[in-house]
>>> print(open('input17.cif').read())   # mmCIF, C-alpha atoms
data_upload
loop_
_atom_site.group_PDB
_atom_site.id
_atom_site.type_symbol
_atom_site.label_atom_id
_atom_site.label_comp_id
_atom_site.auth_asym_id
_atom_site.auth_seq_id
_atom_site.Cartn_x
_atom_site.Cartn_y
_atom_site.Cartn_z
ATOM 1 C CA MET A 1436 11.797 -8.733 -16.421
ATOM 2 C CA ILE A 1437 10.668 -12.073 -17.852
ATOM 3 C CA HIS A 1438 6.895 -12.186 -18.230
ATOM 4 C CA ALA A 1439 4.783 -15.322 -17.910
ATOM 5 C CA TYR A 1440 3.106 -14.738 -21.262
ATOM 6 C CA ASP A 1441 3.540 -12.582 -24.342
ATOM 7 C CA LYS A 1442 2.153 -9.063 -24.314
ATOM 8 C CA VAL A 1443 -0.069 -9.892 -27.271
ATOM 9 C CA TYR A 1444 -2.343 -11.775 -24.845
ATOM 10 C CA LEU A 1445 -2.341 -9.094 -22.169
ATOM 11 C CA ASP A 1446 -5.427 -7.147 -23.272
ATOM 12 C CA LYS A 1447 -7.507 -10.334 -23.253
ATOM 13 C CA ALA A 1448 -6.178 -11.296 -19.828
ATOM 14 C CA ARG A 1449 -6.947 -7.846 -18.422
ATOM 15 C CA THR A 1450 -10.487 -7.868 -19.772
ATOM 16 C CA ALA A 1451 -11.111 -11.376 -18.443
ATOM 17 C CA LEU A 1452 -9.966 -10.500 -14.914
ATOM 18 C CA GLY A 1453 -11.953 -7.272 -14.960
ATOM 19 C CA ARG A 1454 -15.123 -9.020 -16.125
ATOM 20 C CA MET A 1455 -14.618 -11.762 -13.552
ATOM 21 C CA LEU A 1456 -14.564 -9.318 -10.640
ATOM 22 C CA ASP A 1457 -17.461 -7.264 -12.030
ATOM 23 C CA PHE A 1458 -19.572 -10.386 -12.479
ATOM 24 C CA ALA A 1459 -18.655 -11.809 -9.063
ATOM 25 C CA VAL A 1460 -19.671 -8.613 -7.279
ATOM 26 C CA TYR A 1461 -22.731 -7.451 -9.224
ATOM 27 C CA ASP A 1462 -24.259 -10.736 -10.422
ATOM 28 C CA LEU A 1463 -23.034 -13.336 -7.939
ATOM 29 C CA LYS A 1464 -23.200 -10.850 -5.026
ATOM 30 C CA TYR A 1465 -19.799 -11.588 -3.521
ATOM 31 C CA ASP A 1466 -17.667 -9.150 -1.572
ATOM 32 C CA ILE A 1467 -14.707 -8.382 -3.819
ATOM 33 C CA SER A 1468 -12.068 -9.312 -1.236
ATOM 34 C CA GLU A 1469 -13.865 -12.555 -0.409
ATOM 35 C CA PHE A 1470 -14.082 -13.563 -4.053
ATOM 36 C CA PHE A 1471 -10.467 -12.648 -4.768
ATOM 37 C CA ASP A 1472 -9.425 -14.877 -1.876
ATOM 38 C CA LEU A 1473 -11.420 -17.686 -3.516
ATOM 39 C CA PHE A 1474 -9.707 -16.913 -6.834
ATOM 40 C CA ILE A 1475 -6.322 -17.370 -5.160
ATOM 41 C CA SER A 1476 -7.238 -20.447 -3.099
ATOM 42 C CA SER A 1477 -8.899 -22.181 -6.056
ATOM 43 C CA GLY A 1478 -5.646 -22.462 -8.009
ATOM 44 C CA VAL A 1479 -7.131 -20.485 -10.907
ATOM 45 C CA ALA A 1480 -5.012 -17.476 -9.935
ATOM 46 C CA GLU A 1481 -1.838 -19.545 -10.198
ATOM 47 C CA ARG A 1482 -2.826 -20.746 -13.657
ATOM 48 C CA PHE A 1483 -3.554 -17.153 -14.649
ATOM 49 C CA GLU A 1484 -0.294 -15.710 -13.336
ATOM 50 C CA THR A 1485 1.825 -18.440 -14.934
ATOM 51 C CA GLY A 1486 0.324 -17.874 -18.365
ATOM 52 C CA ASP A 1487 -1.979 -20.883 -18.752
ATOM 53 C CA PHE A 1488 -3.588 -20.013 -22.087
ATOM 54 C CA SER A 1489 -6.708 -22.028 -21.322
ATOM 55 C CA VAL A 1490 -7.349 -19.498 -18.556
ATOM 56 C CA ILE A 1491 -5.990 -16.171 -19.771
ATOM 57 C CA VAL A 1492 -7.407 -16.360 -23.294
ATOM 58 C CA GLY A 1493 -9.597 -19.464 -23.290
ATOM 59 C CA MET A 1494 -12.234 -18.259 -20.842
ATOM 60 C CA SER A 1495 -14.414 -15.205 -20.486
ATOM 61 C CA GLY A 1496 -14.587 -13.386 -17.176
ATOM 62 C CA VAL A 1497 -17.916 -15.071 -16.437
ATOM 63 C CA GLU A 1498 -16.444 -18.509 -17.148
ATOM 64 C CA LEU A 1499 -13.494 -17.687 -14.891
ATOM 65 C CA ALA A 1500 -15.832 -16.785 -12.034
ATOM 66 C CA TYR A 1501 -17.729 -20.063 -12.342
ATOM 67 C CA LYS A 1502 -14.442 -21.992 -12.647
ATOM 68 C CA VAL A 1503 -13.325 -20.505 -9.313
ATOM 69 C CA LEU A 1504 -16.545 -21.620 -7.617
ATOM 70 C CA GLU A 1505 -16.387 -25.076 -9.186
ATOM 71 C CA GLN A 1506 -13.047 -25.703 -7.481
ATOM 72 C CA PHE A 1507 -14.859 -25.484 -4.148
ATOM 73 C CA GLY A 1508 -17.863 -27.540 -5.214
ATOM 74 C CA VAL A 1509 -20.095 -24.467 -5.200
ATOM 75 C CA GLU A 1510 -22.887 -24.783 -7.731
ATOM 76 C CA ARG A 1511 -24.581 -21.594 -8.767
ATOM 77 C CA GLU A 1512 -27.405 -21.119 -11.226
ATOM 78 C CA ARG A 1513 -26.010 -19.766 -14.457
ATOM 79 C CA VAL A 1514 -27.092 -16.170 -14.928
ATOM 80 C CA ASN A 1515 -26.539 -13.677 -17.706
ATOM 81 C CA PRO A 1516 -24.168 -10.867 -16.711
ATOM 82 C CA ASN A 1517 -25.609 -7.370 -16.424
ATOM 83 C CA TYR A 1518 -22.600 -5.324 -17.395
ATOM 84 C CA THR A 1519 -22.753 -1.671 -16.477
ATOM 85 C CA ALA A 1520 -22.789 0.887 -19.270
ATOM 86 C CA SER A 1521 -19.480 2.299 -18.052
ATOM 87 C CA ARG A 1522 -16.672 0.314 -16.473
ATOM 88 C CA SER A 1523 -17.295 -0.411 -12.812
ATOM 89 C CA GLU A 1524 -14.625 0.119 -10.172
ATOM 90 C CA GLU A 1525 -14.374 -3.661 -9.847
ATOM 91 C CA PHE A 1526 -13.830 -4.094 -13.581
ATOM 92 C CA TRP A 1527 -11.158 -1.400 -13.540
ATOM 93 C CA LEU A 1528 -9.374 -3.055 -10.641
ATOM 94 C CA GLY A 1529 -9.230 -6.446 -12.365
ATOM 95 C CA TRP A 1530 -8.101 -4.781 -15.578
ATOM 96 C CA ALA A 1531 -5.349 -2.832 -13.769
ATOM 97 C CA LEU A 1532 -4.334 -5.672 -11.466
ATOM 98 C CA ALA A 1533 -3.838 -8.100 -14.354
ATOM 99 C CA TYR A 1534 -1.418 -5.596 -15.871
ATOM 100 C CA TYR A 1535 0.396 -5.116 -12.557
ATOM 101 C CA GLN A 1536 0.810 -8.850 -12.050
ATOM 102 C CA TRP A 1537 2.075 -9.297 -15.620
ATOM 103 C CA GLU A 1538 4.481 -6.361 -15.275
ATOM 104 C CA THR A 1539 5.992 -7.439 -11.926
ATOM 105 C CA SER A 1540 5.566 -11.237 -12.161
ATOM 106 C CA LEU A 1541 4.511 -11.219 -8.506
ATOM 107 C CA ARG A 1542 1.992 -13.838 -7.452
ATOM 108 C CA PHE A 1543 -1.512 -12.494 -6.845
ATOM 109 C CA ALA A 1544 -1.336 -13.893 -3.305
ATOM 110 C CA GLU A 1545 1.805 -11.909 -2.562
ATOM 111 C CA ILE A 1546 0.389 -8.728 -4.068
ATOM 112 C CA VAL A 1547 -2.730 -8.723 -1.900
ATOM 113 C CA GLN A 1548 -0.778 -9.864 1.157
ATOM 114 C CA TYR A 1549 0.926 -6.478 1.187
ATOM 115 C CA VAL A 1550 -1.569 -4.325 -0.723
ATOM 116 C CA PRO A 1551 -5.108 -5.531 0.085
ATOM 117 C CA ILE A 1552 -7.820 -5.488 -2.565
ATOM 118 C CA LYS A 1553 -9.794 -2.814 -0.722
ATOM 119 C CA ASP A 1554 -6.728 -0.535 -0.704
ATOM 120 C CA MET A 1555 -6.219 -0.998 -4.426
ATOM 121 C CA ILE A 1556 -9.839 -0.384 -5.378
ATOM 122 C CA ALA A 1557 -9.651 2.823 -3.349
ATOM 123 C CA LEU A 1558 -7.183 4.048 -5.992
ATOM 124 C CA TYR A 1559 -9.951 4.154 -8.587
ATOM 125 C CA MET A 1560 -10.150 7.894 -8.083
ATOM 126 C CA PRO A 1561 -8.092 9.295 -9.733
ATOM 127 C CA TYR A 1562 -6.016 6.444 -11.180
ATOM 128 C CA HIS A 1563 -8.672 5.116 -13.556
ATOM 129 C CA GLU A 1564 -8.119 8.272 -15.606
ATOM 130 C CA MET A 1565 -4.325 7.982 -15.575
ATOM 131 C CA ASP A 1566 -1.802 5.963 -17.528
ATOM 132 C CA ILE A 1567 -1.501 2.412 -16.176
ATOM 133 C CA ARG A 1568 2.163 3.067 -15.355
ATOM 134 C CA GLN A 1569 1.074 5.512 -12.672
ATOM 135 C CA PHE A 1570 -1.063 2.808 -11.064
ATOM 136 C CA VAL A 1571 1.925 0.457 -11.172
ATOM 137 C CA ASP A 1572 4.164 3.059 -9.536
ATOM 138 C CA GLN A 1573 1.630 3.722 -6.790
ATOM 139 C CA VAL A 1574 1.069 0.047 -5.981
ATOM 140 C CA ASN A 1575 4.837 -0.486 -6.006
ATOM 141 C CA ALA A 1576 5.192 2.293 -3.425
ATOM 142 C CA MET A 1577 2.453 0.762 -1.258
ATOM 143 C CA TYR A 1578 4.002 -2.695 -1.597
ATOM 144 C CA LYS A 1579 7.460 -1.505 -0.575
ATOM 145 C CA ALA A 1580 6.063 0.445 2.378
ATOM 146 C CA ALA A 1581 4.226 -2.661 3.621
ATOM 147 C CA LYS A 1582 7.181 -4.985 2.925
ATOM 148 C CA PRO A 1583 10.388 -3.155 3.862
ATOM 149 C CA GLU A 1584 12.448 -6.341 4.242
ATOM 150 C CA THR A 1585 14.120 -8.090 1.322
ATOM 151 C CA ASN A 1586 13.169 -11.619 0.313
ATOM 152 C CA LEU A 1587 16.658 -12.744 1.340
ATOM 153 C CA LYS A 1588 16.198 -11.458 4.886
ATOM 154 C CA LEU A 1589 12.713 -12.952 5.213
ATOM 155 C CA LEU A 1590 13.898 -16.341 3.953
ATOM 156 C CA ARG A 1591 16.953 -16.262 6.210
ATOM 157 C CA GLN A 1592 14.824 -15.464 9.242
ATOM 158 C CA LYS A 1593 12.333 -18.169 8.293
ATOM 159 C CA ALA A 1594 15.220 -20.652 8.188
ATOM 160 C CA GLY A 1595 16.343 -19.507 11.650
ATOM 161 C CA LEU A 1596 19.799 -18.481 10.461
ATOM 162 C CA SER A 1597 21.916 -15.494 11.450
ATOM 163 C CA GLN A 1598 23.665 -13.553 8.725
ATOM 164 C CA ARG A 1599 26.995 -15.013 9.845
ATOM 165 C CA ARG A 1600 25.662 -18.581 9.804
ATOM 166 C CA LEU A 1601 24.241 -18.075 6.315
ATOM 167 C CA ALA A 1602 27.618 -16.732 5.215
ATOM 168 C CA ASP A 1603 29.401 -19.781 6.641
ATOM 169 C CA LEU A 1604 27.011 -22.266 5.046
ATOM 170 C CA SER A 1605 26.860 -20.571 1.644
ATOM 171 C CA GLY A 1606 30.475 -19.471 1.344
ATOM 172 C CA ILE A 1607 29.350 -15.921 0.561
ATOM 173 C CA PRO A 1608 31.090 -13.057 2.421
ATOM 174 C CA LEU A 1609 29.129 -11.799 5.432
ATOM 175 C CA ARG A 1610 29.426 -8.196 4.244
ATOM 176 C CA THR A 1611 27.903 -9.136 0.871
ATOM 177 C CA ILE A 1612 24.889 -10.725 2.552
ATOM 178 C CA GLN A 1613 24.466 -7.626 4.707
ATOM 179 C CA GLN A 1614 24.624 -5.413 1.624
ATOM 180 C CA TYR A 1615 21.959 -7.479 -0.150
ATOM 181 C CA GLU A 1616 19.656 -7.333 2.864
ATOM 182 C CA GLN A 1617 20.158 -3.586 3.276
ATOM 183 C CA ARG A 1618 19.686 -3.025 -0.460
ATOM 184 C CA GLN A 1619 23.152 -1.512 -0.734
ATOM 185 C CA LYS A 1620 23.685 -4.106 -3.440
ATOM 186 C CA ASN A 1621 21.022 -5.316 -5.860
ATOM 187 C CA ILE A 1622 20.559 -9.045 -5.393
ATOM 188 C CA ASN A 1623 18.918 -9.187 -8.837
ATOM 189 C CA LYS A 1624 22.397 -8.525 -10.246
ATOM 190 C CA ALA A 1625 24.195 -10.990 -7.993
ATOM 191 C CA GLN A 1626 26.577 -13.573 -9.396
ATOM 192 C CA ALA A 1627 24.771 -16.721 -10.437
ATOM 193 C CA GLU A 1628 26.888 -18.873 -8.121
ATOM 194 C CA TYR A 1629 25.917 -16.666 -5.179
ATOM 195 C CA LEU A 1630 22.219 -17.034 -5.925
ATOM 196 C CA VAL A 1631 22.494 -20.799 -6.331
ATOM 197 C CA ALA A 1632 24.421 -21.111 -3.061
ATOM 198 C CA LEU A 1633 21.893 -19.015 -1.148
ATOM 199 C CA ALA A 1634 18.947 -20.923 -2.610
ATOM 200 C CA ARG A 1635 20.575 -24.238 -1.673
ATOM 201 C CA VAL A 1636 21.089 -23.223 1.961
ATOM 202 C CA LEU A 1637 17.666 -21.578 2.296
ATOM 203 C CA CYS A 1638 15.851 -24.456 0.527
ATOM 204 C CA CYS A 1639 14.180 -22.161 -1.980
ATOM 205 C CA GLU A 1640 14.267 -21.386 -5.669
ATOM 206 C CA VAL A 1641 16.624 -18.736 -7.037
ATOM 207 C CA GLU A 1642 13.555 -16.810 -8.196
ATOM 208 C CA ASP A 1643 12.369 -16.560 -4.574
ATOM 209 C CA LEU A 1644 15.413 -14.451 -3.755
ATOM 210 C CA MET A 1645 14.759 -11.889 -6.478
ATOM 211 C CA GLU A 1646 13.258 -8.489 -5.718
ATOM 212 C CA LYS A 1647 10.489 -8.035 -8.282
ATOM 213 C CA VAL A 1648 9.579 -4.576 -7.003
ATOM 214 C CA GLU A 1649 12.766 -2.559 -7.004
#
>>> encode(input="input17.cif", output="structure tokens")
Amino acid sequence: MIHAYDKVYLDKARTALGRMLDFAVYDLKYDISEFFDLFISSGVAERFETGDFSVIVGMSGVELAYKVLEQFGVERERVNPNYTASRSEEFWLGWALAYYQWETSLRFAEIVQYVPIKDMIALYMPYHEMDIRQFVDQVNAMYKAAKPETNLKLLRQKAGLSQRRLADLSGIPLRTIQQYEQRQKNINKAQAEYLVALARVLCCEVEDLMEKVE
């Protein structure tokens, strides 16, 4: 898996996202799901997930929260954060979610589309006491349960193409396309020319075809 930024910056990114959610909920009085939707819609999430250093290491969690609001023209009086003595559930979720996004390279919008924020924060007990890999495995299981179809199938259906028509247009054997969609073959290991041909027909990027949660 190719990550958007080097692991050396990961701890800072995790702390920043955790502090952002803690501050948004306890100091700015936002519902966590509402604020995370703002985070995504503001474009700050995209900068975060693509490794924009001015965001992942250049801002504190408090600065991130205000940056999100600024994108919508929302002006809030600057307040000093009242961090809890122990990590809040919201801080833990941001801290864990930043790791999950880095590990899978999924967009934040796609993560919460299939595993809503409220479902992830409900994992606080007992996952906050476990190794982060166990959180990743659990969210992966939830993601796959909510999204049983492959990206190839979803993109093909969005384009209004049958499997046979996609095979004809791409020059890829029908049986191979069926095997990718049924996960009998791993599309992540497909021949480069196959991926390029599929992306061309489906008007997408090769990366859009990849299964980031296997």
>>> resolve_selection(input="input17.cif", expression="the PyMOL selection byres ((chain A and resi 1514) around 10)", output="PyMOL selection string")
chain A and resi 1458+1462-1463+1497+1511-1513+1515-1517
>>> resolve_selection(input="input17.cif", expression="the PyMOL selection byres ((chain A and resi 1476) around 12)", output="list in words")
Glu1469, Phe1470, Phe1471, Asp1472, Leu1473, Phe1474, Ile1475, Ser1477, Gly1478, Val1479, Ala1480, Glu1481, Arg1482, Val1503, Leu1504, Glu1505, Gln1506, Phe1507, Phe1543 and Ala1544 of chain A
>>> resolve_selection(input="input17.cif", expression="the PyMOL selection byres ((chain A and resi 1550) around 8)", output="mmCIF file with C-alpha atoms, in the coordinates of the input")
data_model
loop_
_atom_site.group_PDB
_atom_site.id
_atom_site.type_symbol
_atom_site.label_atom_id
_atom_site.label_comp_id
_atom_site.auth_asym_id
_atom_site.auth_seq_id
_atom_site.Cartn_x
_atom_site.Cartn_y
_atom_site.Cartn_z
ATOM 1 C CA ILE A 1546 0.389 -8.728 -4.068
ATOM 2 C CA VAL A 1547 -2.730 -8.723 -1.900
ATOM 3 C CA GLN A 1548 -0.778 -9.864 1.157
ATOM 4 C CA TYR A 1549 0.926 -6.478 1.187
ATOM 5 C CA PRO A 1551 -5.108 -5.531 0.085
ATOM 6 C CA ILE A 1552 -7.820 -5.488 -2.565
ATOM 7 C CA ASP A 1554 -6.728 -0.535 -0.704
ATOM 8 C CA MET A 1555 -6.219 -0.998 -4.426
ATOM 9 C CA VAL A 1574 1.069 0.047 -5.981
ATOM 10 C CA MET A 1577 2.453 0.762 -1.258
ATOM 11 C CA TYR A 1578 4.002 -2.695 -1.597
ATOM 12 C CA ALA A 1581 4.226 -2.661 3.621
#
>>> closest_residue(input="input17.cif", among="A:Gln1614, A:Trp1530, A:Lys1502, A:Ser1489", to="Ala1451 in chain A", atoms="only C-alpha atoms")
A:Trp1530
>>> closest_residue(input="input17.cif", among="A:Val1509, A:Ala1531, A:Leu1590, A:Ala1580", to="Ile1567 in chain A", atoms="only C-alpha atoms")
A:Ala1531
>>> atom_distance(input="input17.cif", atom1="CA of Lys1553 in chain A", atom2="CA of Glu1524 in chain A")
11.0 Å
>>> closest_residue(input="input17.cif", among="A:Ile1612, A:Ala1576, A:Ala1533, A:Leu1587", to="Val1641 in chain A", atoms="all atoms listed in the file")
A:Leu1587
>>> closest_residue(input="input17.cif", among="A:Asp1441, A:Glu1545, A:Ala1627, A:Leu1604", to="Asp1487 in chain A", atoms="all atoms listed in the file")
A:Asp1441
>>> closest_residue(input="input17.cif", among="A:Gln1536, A:Thr1450, A:Ser1605, A:Gln1598", to="Ile1491 in chain A", atoms="only C-alpha atoms")
A:Thr1450
>>> residues_around(input="input17.cif", residues="Tyr1518 in chain A", least_positions_apart="5", cutoff="10 Å", atoms="all atoms listed in the file", output="count of residues only")
7
>>> closest_residue(input="input17.cif", among="A:Gln1619, A:Tyr1535, A:Glu1646, A:Val1636", to="Asn1586 in chain A", atoms="only C-alpha atoms")
A:Glu1646
>>> decode(input="input17.cif", residues="range 1633-1648 of chain A", atoms="N, CA, C and O atoms", output="PDB file, in the first residue's frame")
ATOM      1  N   LEU A1633      -9.813  -0.730 -18.620  1.00  0.00           N
ATOM      2  CA  LEU A1633     -11.047  -0.576 -17.848  1.00  0.00           C
ATOM      3  C   LEU A1633     -11.270   0.879 -17.462  1.00  0.00           C
ATOM      4  O   LEU A1633     -12.389   1.396 -17.569  1.00  0.00           O
ATOM      5  N   ALA A1634     -10.212   1.540 -17.000  1.00  0.00           N
ATOM      6  CA  ALA A1634     -10.327   2.938 -16.589  1.00  0.00           C
ATOM      7  C   ALA A1634     -10.730   3.815 -17.770  1.00  0.00           C
ATOM      8  O   ALA A1634     -11.529   4.748 -17.629  1.00  0.00           O
ATOM      9  N   ARG A1635     -10.189   3.514 -18.952  1.00  0.00           N
ATOM     10  CA  ARG A1635     -10.523   4.298 -20.143  1.00  0.00           C
ATOM     11  C   ARG A1635     -12.014   4.174 -20.472  1.00  0.00           C
ATOM     12  O   ARG A1635     -12.700   5.172 -20.718  1.00  0.00           O
ATOM     13  N   VAL A1636     -12.530   2.961 -20.453  1.00  0.00           N
ATOM     14  CA  VAL A1636     -13.935   2.738 -20.797  1.00  0.00           C
ATOM     15  C   VAL A1636     -14.861   3.324 -19.732  1.00  0.00           C
ATOM     16  O   VAL A1636     -15.901   3.904 -20.050  1.00  0.00           O
ATOM     17  N   LEU A1637     -14.472   3.190 -18.462  1.00  0.00           N
ATOM     18  CA  LEU A1637     -15.333   3.630 -17.364  1.00  0.00           C
ATOM     19  C   LEU A1637     -15.119   5.094 -16.987  1.00  0.00           C
ATOM     20  O   LEU A1637     -15.750   5.590 -16.045  1.00  0.00           O
ATOM     21  N   CYS A1638     -14.205   5.767 -17.701  1.00  0.00           N
ATOM     22  CA  CYS A1638     -13.931   7.200 -17.464  1.00  0.00           C
ATOM     23  C   CYS A1638     -13.561   7.455 -16.002  1.00  0.00           C
ATOM     24  O   CYS A1638     -14.150   8.319 -15.326  1.00  0.00           O
ATOM     25  N   CYS A1639     -12.618   6.692 -15.511  1.00  0.00           N
ATOM     26  CA  CYS A1639     -12.166   6.842 -14.132  1.00  0.00           C
ATOM     27  C   CYS A1639     -10.652   6.709 -14.092  1.00  0.00           C
ATOM     28  O   CYS A1639     -10.013   6.464 -15.120  1.00  0.00           O
ATOM     29  N   GLU A1640     -10.094   6.884 -12.931  1.00  0.00           N
ATOM     30  CA  GLU A1640      -8.667   6.665 -12.738  1.00  0.00           C
ATOM     31  C   GLU A1640      -8.426   5.201 -12.387  1.00  0.00           C
ATOM     32  O   GLU A1640      -9.305   4.536 -11.820  1.00  0.00           O
ATOM     33  N   VAL A1641      -7.241   4.706 -12.711  1.00  0.00           N
ATOM     34  CA  VAL A1641      -6.898   3.323 -12.361  1.00  0.00           C
ATOM     35  C   VAL A1641      -7.068   3.095 -10.863  1.00  0.00           C
ATOM     36  O   VAL A1641      -7.572   2.056 -10.428  1.00  0.00           O
ATOM     37  N   GLU A1642      -6.686   4.089 -10.073  1.00  0.00           N
ATOM     38  CA  GLU A1642      -6.786   3.966  -8.614  1.00  0.00           C
ATOM     39  C   GLU A1642      -8.220   3.727  -8.166  1.00  0.00           C
ATOM     40  O   GLU A1642      -8.460   3.056  -7.159  1.00  0.00           O
ATOM     41  N   ASP A1643      -9.203   4.241  -8.916  1.00  0.00           N
ATOM     42  CA  ASP A1643     -10.603   4.074  -8.540  1.00  0.00           C
ATOM     43  C   ASP A1643     -11.057   2.628  -8.635  1.00  0.00           C
ATOM     44  O   ASP A1643     -12.045   2.233  -8.026  1.00  0.00           O
ATOM     45  N   LEU A1644     -10.340   1.827  -9.392  1.00  0.00           N
ATOM     46  CA  LEU A1644     -10.696   0.426  -9.572  1.00  0.00           C
ATOM     47  C   LEU A1644     -10.144  -0.461  -8.444  1.00  0.00           C
ATOM     48  O   LEU A1644     -10.614  -1.566  -8.242  1.00  0.00           O
ATOM     49  N   MET A1645      -9.143   0.052  -7.738  1.00  0.00           N
ATOM     50  CA  MET A1645      -8.461  -0.756  -6.741  1.00  0.00           C
ATOM     51  C   MET A1645      -9.324  -0.973  -5.504  1.00  0.00           C
ATOM     52  O   MET A1645     -10.102  -0.104  -5.108  1.00  0.00           O
ATOM     53  N   GLU A1646      -9.172  -2.148  -4.909  1.00  0.00           N
ATOM     54  CA  GLU A1646      -9.860  -2.476  -3.663  1.00  0.00           C
ATOM     55  C   GLU A1646      -8.895  -2.208  -2.505  1.00  0.00           C
ATOM     56  O   GLU A1646      -7.955  -2.953  -2.276  1.00  0.00           O
ATOM     57  N   LYS A1647      -9.130  -1.128  -1.780  1.00  0.00           N
ATOM     58  CA  LYS A1647      -8.210  -0.728  -0.718  1.00  0.00           C
ATOM     59  C   LYS A1647      -8.454  -1.477   0.580  1.00  0.00           C
ATOM     60  O   LYS A1647      -7.613  -1.483   1.475  1.00  0.00           O
ATOM     61  N   VAL A1648      -9.639  -2.064   0.700  1.00  0.00           N
ATOM     62  CA  VAL A1648      -9.945  -2.935   1.840  1.00  0.00           C
ATOM     63  C   VAL A1648     -10.151  -4.325   1.284  1.00  0.00           C
ATOM     64  O   VAL A1648     -11.170  -4.607   0.674  1.00  0.00           O
TER      65      VAL A1648
END
